[in-house]
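Below: work_3.json (JSON, C-alpha atoms)
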```json
[["chain", "number", "residue", "atom", "x", "y", "z"],
["A", 8, "MET", "CA", 180.03, 112.14, 178.76],
["A", 9, "SER", "CA", 180.29, 108.41, 178.12],
["A", 10, "ILE", "CA", 182.22, 107.36, 175.02],
["A", 11, "ARG", "CA", 179.25, 105.24, 173.92],
["A", 12, "ILE", "CA", 176.94, 108.27, 174.02],
["A", 13, "LEU", "CA", 179.42, 110.18, 171.84],
["A", 14, "GLU", "CA", 179.62, 107.25, 169.43],
["A", 15, "ILE", "CA", 175.82, 107.24, 169.13],
["A", 16, "ILE", "CA", 175.85, 110.99, 168.47],
["A", 17, "PHE", "CA", 178.51, 110.44, 165.78],
["A", 18, "PHE", "CA", 176.51, 107.55, 164.30],
["A", 19, "LEU", "CA", 173.37, 109.71, 164.09],
["A", 20, "TYR", "CA", 175.36, 112.58, 162.60],
["A", 21, "PHE", "CA", 176.90, 110.44, 159.84],
["A", 22, "ALA", "CA", 173.77, 108.36, 159.16],
["A", 23, "SER", "CA", 171.60, 111.48, 158.84],
["A", 24, "HIS", "CA", 174.21, 113.14, 156.66],
["A", 25, "ILE", "CA", 173.77, 110.54, 153.90],
["A", 26, "PRO", "CA", 170.21, 111.50, 152.84],
["A", 27, "ILE", "CA", 170.82, 115.22, 153.49],
["A", 28, "THR", "CA", 173.84, 115.16, 151.20],
["A", 29, "LEU", "CA", 172.26, 113.03, 148.47],
["A", 30, "PHE", "CA", 168.85, 114.70, 148.38],
["A", 31, "ILE", "CA", 169.55, 118.30, 149.38],
["A", 32, "ASP", "CA", 173.22, 119.33, 149.14],
["A", 33, "PHE", "CA", 173.91, 117.67, 145.78],
["A", 34, "GLN", "CA", 171.12, 119.71, 144.18],
["A", 35, "ALA", "CA", 173.63, 122.56, 144.05],
["A", 36, "LEU", "CA", 175.92, 120.42, 141.84],
["A", 37, "LEU", "CA", 173.73, 118.15, 139.75],
["A", 38, "PRO", "CA", 171.39, 119.08, 136.89],
["A", 39, "GLU", "CA", 167.86, 120.00, 138.00],
["A", 40, "HIS", "CA", 166.23, 117.12, 136.08],
["A", 41, "VAL", "CA", 167.99, 114.59, 138.37],
["A", 42, "TYR", "CA", 165.70, 115.43, 141.30],
["A", 43, "PRO", "CA", 161.96, 114.89, 141.65],
["A", 44, "LYS", "CA", 159.71, 117.89, 142.07],
["A", 45, "GLN", "CA", 159.16, 117.21, 145.80],
["A", 46, "LEU", "CA", 162.88, 117.38, 146.63],
["A", 47, "LYS", "CA", 163.30, 120.57, 144.60],
["A", 48, "GLN", "CA", 160.33, 122.06, 146.47],
["A", 49, "LEU", "CA", 161.81, 120.98, 149.79],
["A", 50, "LEU", "CA", 165.07, 122.77, 148.95],
["A", 51, "ARG", "CA", 163.21, 125.91, 147.84],
["A", 52, "TRP", "CA", 161.12, 125.85, 151.03],
["A", 53, "TYR", "CA", 164.24, 125.46, 153.20],
["A", 54, "ALA", "CA", 166.08, 128.28, 151.38],
["A", 55, "ALA", "CA", 163.11, 130.64, 151.69],
["A", 56, "GLU", "CA", 162.25, 129.72, 155.29],
["A", 57, "TYR", "CA", 165.82, 130.01, 156.61],
["A", 58, "LYS", "CA", 167.03, 132.60, 154.09],
["A", 59, "ASP", "CA", 169.81, 130.43, 152.70],
["A", 60, "PRO", "CA", 170.45, 131.61, 149.13],
["A", 61, "MET", "CA", 173.72, 129.66, 149.02],
["A", 62, "MET", "CA", 171.75, 126.46, 148.44],
["A", 63, "LEU", "CA", 169.75, 127.85, 145.49],
["A", 64, "ASP", "CA", 172.44, 129.94, 143.85],
["A", 65, "PRO", "CA", 175.73, 128.79, 145.38],
["A", 66, "PRO", "CA", 178.80, 131.00, 145.03],
["A", 67, "VAL", "CA", 181.68, 129.20, 143.31],
["A", 68, "TRP", "CA", 183.61, 128.81, 146.58],
["A", 69, "PHE", "CA", 180.53, 127.21, 148.24],
["A", 70, "LYS", "CA", 180.08, 124.88, 145.27],
["A", 71, "SER", "CA", 183.69, 123.79, 145.72],
["A", 72, "PHE", "CA", 182.88, 122.76, 149.31],
["A", 73, "ILE", "CA", 179.89, 120.75, 148.08],
["A", 74, "PHE", "CA", 182.14, 119.16, 145.45],
["A", 75, "CYS", "CA", 184.50, 118.11, 148.27],
["A", 76, "GLU", "CA", 181.49, 116.79, 150.15],
["A", 77, "ALA", "CA", 180.63, 114.67, 147.12],
["A", 78, "LEU", "CA", 184.13, 113.31, 146.47],
["A", 79, "VAL", "CA", 185.65, 113.07, 149.94],
["A", 80, "GLN", "CA", 182.94, 113.16, 152.59],
["A", 81, "MET", "CA", 180.05, 111.20, 151.06],
["A", 82, "PRO", "CA", 182.05, 107.96, 150.68],
["A", 83, "PHE", "CA", 183.15, 108.35, 154.31],
["A", 84, "PHE", "CA", 179.64, 108.78, 155.78],
["A", 85, "PRO", "CA", 178.52, 105.12, 155.64],
["A", 86, "VAL", "CA", 181.95, 103.92, 156.81],
["A", 87, "ALA", "CA", 181.88, 106.28, 159.78],
["A", 88, "ALA", "CA", 178.25, 105.47, 160.56],
["A", 89, "TYR", "CA", 179.15, 101.77, 160.67],
["A", 90, "ALA", "CA", 182.24, 102.35, 162.84],
["A", 91, "PHE", "CA", 180.37, 104.43, 165.40],
["A", 92, "TRP", "CA", 177.34, 102.12, 165.40],
["A", 93, "LYS", "CA", 179.65, 99.22, 166.14],
["A", 94, "GLY", "CA", 181.71, 101.30, 168.60],
["A", 95, "GLY", "CA", 185.33, 101.17, 169.63],
["A", 96, "CYS", "CA", 186.68, 100.80, 166.08],
["A", 97, "LYS", "CA", 190.21, 102.14, 166.42],
["A", 98, "TRP", "CA", 190.73, 102.05, 162.64],
["A", 99, "ILE", "CA", 188.33, 105.01, 162.26],
["A", 100, "ARG", "CA", 190.63, 107.33, 164.23],
["A", 101, "THR", "CA", 192.83, 108.68, 161.42],
["A", 102, "PRO", "CA", 190.05, 109.05, 158.80],
["A", 103, "ALA", "CA", 187.85, 110.72, 161.45],
["A", 104, "ILE", "CA", 190.63, 113.19, 162.30],
["A", 105, "VAL", "CA", 191.05, 114.03, 158.60],
["A", 106, "TYR", "CA", 187.28, 114.38, 158.15],
["A", 107, "ALA", "CA", 186.77, 116.51, 161.27],
["A", 108, "THR", "CA", 189.64, 118.84, 160.39],
["A", 109, "HIS", "CA", 188.47, 119.23, 156.80],
["A", 110, "VAL", "CA", 184.85, 119.95, 157.73],
["A", 111, "ALA", "CA", 185.68, 122.32, 160.58],
["A", 112, "THR", "CA", 187.96, 124.22, 158.20],
["A", 113, "THR", "CA", 185.19, 124.59, 155.59],
["A", 114, "LEU", "CA", 182.63, 125.77, 158.13],
["A", 115, "ILE", "CA", 184.67, 128.78, 159.23],
["A", 116, "PRO", "CA", 184.29, 130.63, 155.88],
["A", 117, "ILE", "CA", 180.64, 129.53, 155.58],
["A", 118, "LEU", "CA", 179.74, 130.87, 159.03],
["A", 119, "SER", "CA", 181.76, 134.04, 158.42],
["A", 120, "TYR", "CA", 179.97, 134.59, 155.13],
["A", 121, "ILE", "CA", 176.57, 134.17, 156.78],
["A", 122, "LEU", "CA", 177.52, 136.56, 159.54],
["A", 123, "LEU", "CA", 179.28, 139.26, 157.51],
["A", 124, "HIS", "CA", 178.11, 139.16, 153.88],
["A", 125, "GLN", "CA", 175.60, 141.75, 152.68],
["A", 126, "PHE", "CA", 173.11, 139.42, 150.99],
["A", 127, "PRO", "CA", 170.88, 140.83, 148.25],
["A", 128, "GLN", "CA", 167.09, 140.69, 148.53],
["A", 129, "GLU", "CA", 166.75, 139.29, 144.99],
["A", 130, "PRO", "CA", 166.61, 136.78, 143.37],
["A", 131, "HIS", "CA", 166.98, 134.61, 146.51],
["A", 132, "PRO", "CA", 166.80, 136.66, 149.72],
["A", 133, "GLY", "CA", 169.52, 136.04, 152.25],
["A", 134, "PRO", "CA", 169.55, 136.90, 155.92],
["A", 135, "GLN", "CA", 169.30, 140.62, 156.57],
["A", 136, "THR", "CA", 168.84, 140.94, 160.33],
["A", 137, "MET", "CA", 171.06, 139.56, 163.07],
["A", 138, "LYS", "CA", 168.22, 137.24, 164.10],
["A", 139, "GLU", "CA", 167.99, 135.82, 160.56],
["A", 140, "ARG", "CA", 171.78, 135.42, 160.41],
["A", 141, "LEU", "CA", 171.88, 133.64, 163.78],
["A", 142, "THR", "CA", 169.00, 131.39, 162.74],
["A", 143, "LEU", "CA", 170.89, 130.35, 159.59],
["A", 144, "ILE", "CA", 174.10, 129.92, 161.60],
["A", 145, "SER", "CA", 172.19, 127.60, 163.93],
["A", 146, "ILE", "CA", 171.42, 125.36, 160.93],
["A", 147, "TYR", "CA", 175.11, 125.15, 159.96],
["A", 148, "ALA", "CA", 176.61, 125.15, 163.48],
["A", 149, "PRO", "CA", 176.14, 121.41, 164.17],
["A", 150, "TYR", "CA", 178.35, 120.74, 161.14],
["A", 151, "LEU", "CA", 181.11, 122.57, 162.98],
["A", 152, "LEU", "CA", 180.38, 121.47, 166.55],
["A", 153, "VAL", "CA", 180.02, 117.73, 165.92],
["A", 154, "PRO", "CA", 183.27, 117.51, 163.91],
["A", 155, "ILE", "CA", 185.07, 119.40, 166.70],
["A", 156, "MET", "CA", 183.64, 116.93, 169.23],
["A", 157, "LEU", "CA", 184.74, 114.10, 166.91],
["A", 158, "LEU", "CA", 188.24, 115.53, 166.60],
["A", 159, "LEU", "CA", 188.63, 115.93, 170.35],
["A", 160, "THR", "CA", 187.32, 112.40, 170.92],
["A", 161, "MET", "CA", 189.74, 110.93, 168.40],
["A", 162, "LEU", "CA", 192.67, 112.89, 169.84],
["A", 163, "TYR", "CA", 192.04, 112.42, 173.55],
["A", 164, "SER", "CA", 189.78, 109.43, 174.23],
["A", 165, "SER", "CA", 191.69, 106.38, 175.45],
["A", 166, "THR", "CA", 189.20, 104.27, 173.46],
["A", 167, "TYR", "CA", 190.73, 105.63, 170.25],
["A", 168, "THR", "CA", 194.25, 106.64, 171.26],
["A", 169, "GLY", "CA", 195.18, 103.45, 173.06],
["A", 170, "ALA", "CA", 196.28, 105.51, 176.08],
["A", 171, "THR", "CA", 195.61, 104.24, 179.58],
["A", 172, "GLN", "CA", 194.03, 106.23, 182.41],
["A", 173, "GLY", "CA", 197.47, 107.50, 183.45],
["A", 174, "GLY", "CA", 197.93, 109.10, 180.05],
["A", 175, "LYS", "CA", 200.68, 106.82, 178.79],
["A", 176, "SER", "CA", 200.31, 104.71, 175.70],
["A", 177, "LYS", "CA", 199.81, 101.02, 176.07],
["A", 178, "SER", "CA", 202.90, 99.30, 174.80],
["A", 179, "LYS", "CA", 203.48, 95.72, 173.90],
["A", 180, "LYS", "CA", 206.09, 93.86, 175.91],
["A", 181, "LYS", "CA", 209.11, 92.78, 173.98],
["A", 182, "VAL", "CA", 209.45, 89.09, 173.50],
["A", 183, "LYS", "CA", 213.00, 87.89, 174.11]]
```

Before we go any further, please render this structure as structure tokens.
Amino acid sequence: MSIRILEIIFFLYFASHIPITLFIDFQALLPEHVYPKQLKQLLRWYAAEYKDPMMLDPPVWFKSFIFCEALVQMPFFPVAAYAFWKGGCKWIRTPAIVYATHVATTLIPILSYILLHQFPQEPHPGPQTMKERLTLISIYAPYLLVPIMLLLTMLYSSTYTGATQGGKSKSKKKVK
């Protein structure tokens, strides 16, 4: 896959993450009166349609992940979107590695919880069948897969590592 195609995927991922985080995810942290009725209804529809009670009544551990999203990830989203829109910005490498590692690490317990937790039927029904669990996992999976793609790109792409085709780093010649 071309590096430019990956950069466009990363741009779309980060650019789309901004409104999702502000208008949906932060509803789990902020007081209800902050959001207009339509956004609250959208969240309730999503939670009912995809059986995601974590968004309506988040466990403390899940809220801590959203808190990290607010403090660490949200400020990074526009920076990353800019870097990948522009393309070839080597300065994004280290922050992207930190971001990708952090997010991939948070998604493991989320996906495990969806797969293994016995969700109650009330007050907010969670997934009960394997099909419902896999459907909900499919909503969260891109937030694991794209960061893994990002991590691998930052670690191995010569565009971001400075390595040449032969695998050795480009080095500056010493001036005598």

Pick out the residues sitting within 9 Å of segment 56-66 of chain A, and hand them over as a PDB file with C-alpha atoms, in the frame of the given file; count all atoms listed in the file, and ignore anything fewer than 4 positions along from it in its own chain.
```
ATOM      1  CA  ILE A  31     169.550 118.300 149.380  1.00  0.00           C
ATOM      2  CA  ASP A  32     173.220 119.330 149.140  1.00  0.00           C
ATOM      3  CA  GLN A  34     171.120 119.710 144.180  1.00  0.00           C
ATOM      4  CA  ALA A  35     173.630 122.560 144.050  1.00  0.00           C
ATOM      5  CA  LEU A  50     165.070 122.770 148.950  1.00  0.00           C
ATOM      6  CA  ARG A  51     163.210 125.910 147.840  1.00  0.00           C
ATOM      7  CA  TRP A  52     161.120 125.850 151.030  1.00  0.00           C
ATOM      8  CA  LYS A  70     180.080 124.880 145.270  1.00  0.00           C
ATOM      9  CA  SER A  71     183.690 123.790 145.720  1.00  0.00           C
ATOM     10  CA  ILE A 121     176.570 134.170 156.780  1.00  0.00           C
ATOM     11  CA  PHE A 126     173.110 139.420 150.990  1.00  0.00           C
ATOM     12  CA  PRO A 130     166.610 136.780 143.370  1.00  0.00           C
ATOM     13  CA  HIS A 131     166.980 134.610 146.510  1.00  0.00           C
ATOM     14  CA  PRO A 132     166.800 136.660 149.720  1.00  0.00           C
ATOM     15  CA  GLY A 133     169.520 136.040 152.250  1.00  0.00           C
ATOM     16  CA  PRO A 134     169.550 136.900 155.920  1.00  0.00           C
ATOM     17  CA  GLN A 135     169.300 140.620 156.570  1.00  0.00           C
ATOM     18  CA  GLU A 139     167.990 135.820 160.560  1.00  0.00           C
ATOM     19  CA  ARG A 140     171.780 135.420 160.410  1.00  0.00           C
ATOM     20  CA  THR A 142     169.000 131.390 162.740  1.00  0.00           C
ATOM     21  CA  LEU A 143     170.890 130.350 159.590  1.00  0.00           C
ATOM     22  CA  ILE A 146     171.420 125.360 160.930  1.00  0.00           C
TER      23      ILE A 146
END
```

Would you kindly return, as an mmCIF file with C-alpha atoms, in the coordinates of the input, each protein, DNA or RNA residue with an atom no farther than 10 Å from any atom of Thr101 of chain A, considering all atoms listed in the file and excluding same-chain residues fewer than 4 positions away?
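Listed below is the output, part-v5.cif:
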```cif
data_model
loop_
_atom_site.group_PDB
_atom_site.id
_atom_site.type_symbol
_atom_site.label_atom_id
_atom_site.label_comp_id
_atom_site.auth_asym_id
_atom_site.auth_seq_id
_atom_site.Cartn_x
_atom_site.Cartn_y
_atom_site.Cartn_z
ATOM 1 C CA LYS A 97 190.210 102.140 166.420
ATOM 2 C CA VAL A 105 191.050 114.030 158.600
ATOM 3 C CA TYR A 106 187.280 114.380 158.150
ATOM 4 C CA ALA A 107 186.770 116.510 161.270
ATOM 5 C CA LEU A 158 188.240 115.530 166.600
ATOM 6 C CA MET A 161 189.740 110.930 168.400
ATOM 7 C CA LEU A 162 192.670 112.890 169.840
ATOM 8 C CA TYR A 167 190.730 105.630 170.250
#
```

Selected residue, from A:Arg100, A:Lys138, A:His124, A:His109, that lies nearest to Leu159 of chain A when counting all atoms listed in the file = A:Arg100

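If all atoms listed in the file are the atoms counted, then among A:Tyr53, A:Phe84, A:Trp68, A:Tyr42 the closest residue to His24 of chain A is A:Phe84.
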
Expected residue set, 10 Å radius at (180.8, 116.6, 149.4), all atoms listed in the file, as a ChimeraX atom specification = /A:28-29,32-33,36,70-83,110

Rank nothing, just name the residue among A:Ala148, A:Met137, A:Leu123, A:Ala87 nearest to Ala111 of chain A, using all atoms listed in the file.
-> A:Ala148

Give me, as JSON lines, the closest atom pair and its distance (Å, one decimal) for every residue of segment 22-129 of chain A within a cut-off of 12 Å of segment 9-12 of chain A, counting only C-alpha atoms, rows sorted by chain and rising number.
```
{"residue": "A:Ala90", "atom": "CA", "partner": "A:Arg11", "partner_atom": "CA", "distance": 11.8}
{"residue": "A:Phe91", "atom": "CA", "partner": "A:Arg11", "partner_atom": "CA", "distance": 8.6}
{"residue": "A:Trp92", "atom": "CA", "partner": "A:Arg11", "partner_atom": "CA", "distance": 9.3}
{"residue": "A:Lys93", "atom": "CA", "partner": "A:Arg11", "partner_atom": "CA", "distance": 9.8}
{"residue": "A:Gly94", "atom": "CA", "partner": "A:Arg11", "partner_atom": "CA", "distance": 7.1}
{"residue": "A:Gly95", "atom": "CA", "partner": "A:Arg11", "partner_atom": "CA", "distance": 8.5}
{"residue": "A:Cys96", "atom": "CA", "partner": "A:Arg11", "partner_atom": "CA", "distance": 11.7}
```

Would you mind telling me which residue in A:Ser145, A:Ile99, A:Ala88, A:Ser165 lies nearest to Ile16 of chain A when using all atoms listed in the file?
->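 Answer, going by the shortest atom-to-atom distance: A:Ala88.
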
For atom CA of Leu151 of chain A and atom CA of Leu118 of chain A, quote the distance in Å rounded to one decimal.
-> 9.3 Å

To one decimal in Å, tell me the separation between atom CA of Leu157 of chain A and atom CA of Ser23 of chain A.
->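 Interatomic distance, atom CA of Leu157 of chain A to atom CA of Ser23 of chain A: 15.6 Å.
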
Take atom CA of Tyr150 of chain A and atom CA of Glu129 of chain A and report the distance between them in Å, one decimal.
-> 27.2 Å

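The residue that comes closest to Gln128 of chain A, out of A:Ala55, A:Val86, A:Tyr147, A:Thr113 and on the basis of all atoms listed in the file, is A:Ala55.
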
Which one is closest to Ser119 of chain A: A:Leu141, A:Gln45, A:Ser164, A:Pro102? Count only C-alpha atoms.
->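 Comparing A:Leu141, A:Gln45, A:Ser164, A:Pro102 against Ser119 of chain A, the winner is A:Leu141.
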
At the level of all heavy atoms, write segment 21-33 of chain A to a file as a PDB file, in the first residue's frame, please.
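New file out-v6.pdb:
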```
ATOM      1  N   PHE A  21      -8.129  10.649  12.023  1.00  0.00           N
ATOM      2  CA  PHE A  21      -7.973  11.712  13.030  1.00  0.00           C
ATOM      3  C   PHE A  21      -8.986  12.829  12.842  1.00  0.00           C
ATOM      4  O   PHE A  21      -9.543  13.332  13.824  1.00  0.00           O
ATOM      5  CB  PHE A  21      -6.541  12.253  13.028  1.00  0.00           C
ATOM      6  CG  PHE A  21      -5.566  11.309  13.662  1.00  0.00           C
ATOM      7  CD1 PHE A  21      -4.607  10.666  12.898  1.00  0.00           C
ATOM      8  CD2 PHE A  21      -5.608  11.038  15.018  1.00  0.00           C
ATOM      9  CE1 PHE A  21      -3.710   9.778  13.469  1.00  0.00           C
ATOM     10  CE2 PHE A  21      -4.724  10.152  15.607  1.00  0.00           C
ATOM     11  CZ  PHE A  21      -3.769   9.517  14.839  1.00  0.00           C
ATOM     12  N   ALA A  22      -9.255  13.217  11.598  1.00  0.00           N
ATOM     13  CA  ALA A  22     -10.234  14.287  11.349  1.00  0.00           C
ATOM     14  C   ALA A  22     -11.631  13.864  11.792  1.00  0.00           C
ATOM     15  O   ALA A  22     -12.369  14.664  12.392  1.00  0.00           O
ATOM     16  CB  ALA A  22     -10.223  14.670   9.867  1.00  0.00           C
ATOM     17  N   SER A  23     -12.013  12.615  11.536  1.00  0.00           N
ATOM     18  CA  SER A  23     -13.341  12.144  11.948  1.00  0.00           C
ATOM     19  C   SER A  23     -13.426  11.941  13.451  1.00  0.00           C
ATOM     20  O   SER A  23     -14.503  12.014  14.040  1.00  0.00           O
ATOM     21  CB  SER A  23     -13.699  10.845  11.224  1.00  0.00           C
ATOM     22  OG  SER A  23     -12.883   9.772  11.677  1.00  0.00           O
ATOM     23  N   HIS A  24     -12.289  11.710  14.069  1.00  0.00           N
ATOM     24  CA  HIS A  24     -12.264  11.483  15.515  1.00  0.00           C
ATOM     25  C   HIS A  24     -12.605  12.747  16.301  1.00  0.00           C
ATOM     26  O   HIS A  24     -13.128  12.667  17.419  1.00  0.00           O
ATOM     27  CB  HIS A  24     -10.868  10.996  15.928  1.00  0.00           C
ATOM     28  CG  HIS A  24     -10.870   9.869  16.899  1.00  0.00           C
ATOM     29  ND1 HIS A  24     -11.674   9.832  18.007  1.00  0.00           N
ATOM     30  CD2 HIS A  24     -10.163   8.729  16.931  1.00  0.00           C
ATOM     31  CE1 HIS A  24     -11.437   8.734  18.689  1.00  0.00           C
ATOM     32  NE2 HIS A  24     -10.534   8.036  18.047  1.00  0.00           N
ATOM     33  N   ILE A  25     -12.343  13.903  15.734  1.00  0.00           N
ATOM     34  CA  ILE A  25     -12.601  15.168  16.449  1.00  0.00           C
ATOM     35  C   ILE A  25     -14.087  15.324  16.768  1.00  0.00           C
ATOM     36  O   ILE A  25     -14.447  15.461  17.946  1.00  0.00           O
ATOM     37  CB  ILE A  25     -12.032  16.370  15.675  1.00  0.00           C
ATOM     38  CG1 ILE A  25     -10.494  16.271  15.607  1.00  0.00           C
ATOM     39  CG2 ILE A  25     -12.457  17.693  16.331  1.00  0.00           C
ATOM     40  CD1 ILE A  25      -9.842  17.221  14.616  1.00  0.00           C
ATOM     41  N   PRO A  26     -14.991  15.300  15.774  1.00  0.00           N
ATOM     42  CA  PRO A  26     -16.408  15.448  16.138  1.00  0.00           C
ATOM     43  C   PRO A  26     -16.960  14.266  16.939  1.00  0.00           C
ATOM     44  O   PRO A  26     -17.796  14.465  17.821  1.00  0.00           O
ATOM     45  CB  PRO A  26     -17.120  15.580  14.780  1.00  0.00           C
ATOM     46  CG  PRO A  26     -16.171  15.037  13.776  1.00  0.00           C
ATOM     47  CD  PRO A  26     -14.798  15.260  14.326  1.00  0.00           C
ATOM     48  N   ILE A  27     -16.490  13.054  16.660  1.00  0.00           N
ATOM     49  CA  ILE A  27     -16.959  11.890  17.423  1.00  0.00           C
ATOM     50  C   ILE A  27     -16.610  12.054  18.899  1.00  0.00           C
ATOM     51  O   ILE A  27     -17.435  11.818  19.784  1.00  0.00           O
ATOM     52  CB  ILE A  27     -16.365  10.577  16.857  1.00  0.00           C
ATOM     53  CG1 ILE A  27     -16.943  10.287  15.473  1.00  0.00           C
ATOM     54  CG2 ILE A  27     -16.610   9.405  17.805  1.00  0.00           C
ATOM     55  CD1 ILE A  27     -16.221   9.193  14.708  1.00  0.00           C
ATOM     56  N   THR A  28     -15.399  12.496  19.165  1.00  0.00           N
ATOM     57  CA  THR A  28     -14.961  12.675  20.547  1.00  0.00           C
ATOM     58  C   THR A  28     -15.730  13.806  21.233  1.00  0.00           C
ATOM     59  O   THR A  28     -16.234  13.642  22.340  1.00  0.00           O
ATOM     60  CB  THR A  28     -13.445  12.950  20.591  1.00  0.00           C
ATOM     61  OG1 THR A  28     -12.770  11.815  20.038  1.00  0.00           O
ATOM     62  CG2 THR A  28     -12.960  13.185  22.012  1.00  0.00           C
ATOM     63  N   LEU A  29     -15.805  14.954  20.552  1.00  0.00           N
ATOM     64  CA  LEU A  29     -16.463  16.117  21.157  1.00  0.00           C
ATOM     65  C   LEU A  29     -17.957  15.903  21.385  1.00  0.00           C
ATOM     66  O   LEU A  29     -18.492  16.276  22.429  1.00  0.00           O
ATOM     67  CB  LEU A  29     -16.268  17.351  20.270  1.00  0.00           C
ATOM     68  CG  LEU A  29     -14.854  17.920  20.209  1.00  0.00           C
ATOM     69  CD1 LEU A  29     -14.788  19.034  19.171  1.00  0.00           C
ATOM     70  CD2 LEU A  29     -14.415  18.427  21.573  1.00  0.00           C
ATOM     71  N   PHE A  30     -18.634  15.323  20.391  1.00  0.00           N
ATOM     72  CA  PHE A  30     -20.094  15.275  20.429  1.00  0.00           C
ATOM     73  C   PHE A  30     -20.673  13.973  20.972  1.00  0.00           C
ATOM     74  O   PHE A  30     -21.813  13.947  21.408  1.00  0.00           O
ATOM     75  CB  PHE A  30     -20.666  15.550  19.038  1.00  0.00           C
ATOM     76  CG  PHE A  30     -20.264  16.905  18.508  1.00  0.00           C
ATOM     77  CD1 PHE A  30     -19.796  17.034  17.214  1.00  0.00           C
ATOM     78  CD2 PHE A  30     -20.333  18.039  19.302  1.00  0.00           C
ATOM     79  CE1 PHE A  30     -19.414  18.280  16.718  1.00  0.00           C
ATOM     80  CE2 PHE A  30     -19.961  19.285  18.819  1.00  0.00           C
ATOM     81  CZ  PHE A  30     -19.500  19.403  17.520  1.00  0.00           C
ATOM     82  N   ILE A  31     -19.896  12.902  20.965  1.00  0.00           N
ATOM     83  CA  ILE A  31     -20.410  11.615  21.433  1.00  0.00           C
ATOM     84  C   ILE A  31     -19.659  11.148  22.687  1.00  0.00           C
ATOM     85  O   ILE A  31     -20.234  11.027  23.756  1.00  0.00           O
ATOM     86  CB  ILE A  31     -20.332  10.533  20.324  1.00  0.00           C
ATOM     87  CG1 ILE A  31     -21.108  10.974  19.077  1.00  0.00           C
ATOM     88  CG2 ILE A  31     -20.818   9.186  20.843  1.00  0.00           C
ATOM     89  CD1 ILE A  31     -22.590  11.199  19.274  1.00  0.00           C
ATOM     90  N   ASP A  32     -18.360  10.907  22.544  1.00  0.00           N
ATOM     91  CA  ASP A  32     -17.588  10.323  23.652  1.00  0.00           C
ATOM     92  C   ASP A  32     -17.618  11.179  24.917  1.00  0.00           C
ATOM     93  O   ASP A  32     -17.758  10.650  26.013  1.00  0.00           O
ATOM     94  CB  ASP A  32     -16.141  10.078  23.229  1.00  0.00           C
ATOM     95  CG  ASP A  32     -16.017   9.043  22.121  1.00  0.00           C
ATOM     96  OD1 ASP A  32     -17.042   8.445  21.739  1.00  0.00           O
ATOM     97  OD2 ASP A  32     -14.898   8.848  21.631  1.00  0.00           O
ATOM     98  N   PHE A  33     -17.481  12.490  24.775  1.00  0.00           N
ATOM     99  CA  PHE A  33     -17.427  13.360  25.950  1.00  0.00           C
ATOM    100  C   PHE A  33     -18.749  13.411  26.716  1.00  0.00           C
ATOM    101  O   PHE A  33     -18.777  13.885  27.851  1.00  0.00           O
ATOM    102  CB  PHE A  33     -16.991  14.763  25.568  1.00  0.00           C
ATOM    103  CG  PHE A  33     -15.508  14.917  25.307  1.00  0.00           C
ATOM    104  CD1 PHE A  33     -14.646  13.825  25.283  1.00  0.00           C
ATOM    105  CD2 PHE A  33     -14.964  16.167  25.088  1.00  0.00           C
ATOM    106  CE1 PHE A  33     -13.294  13.974  25.038  1.00  0.00           C
ATOM    107  CE2 PHE A  33     -13.610  16.329  24.835  1.00  0.00           C
ATOM    108  CZ  PHE A  33     -12.781  15.236  24.817  1.00  0.00           C
TER     109      PHE A  33
END
```
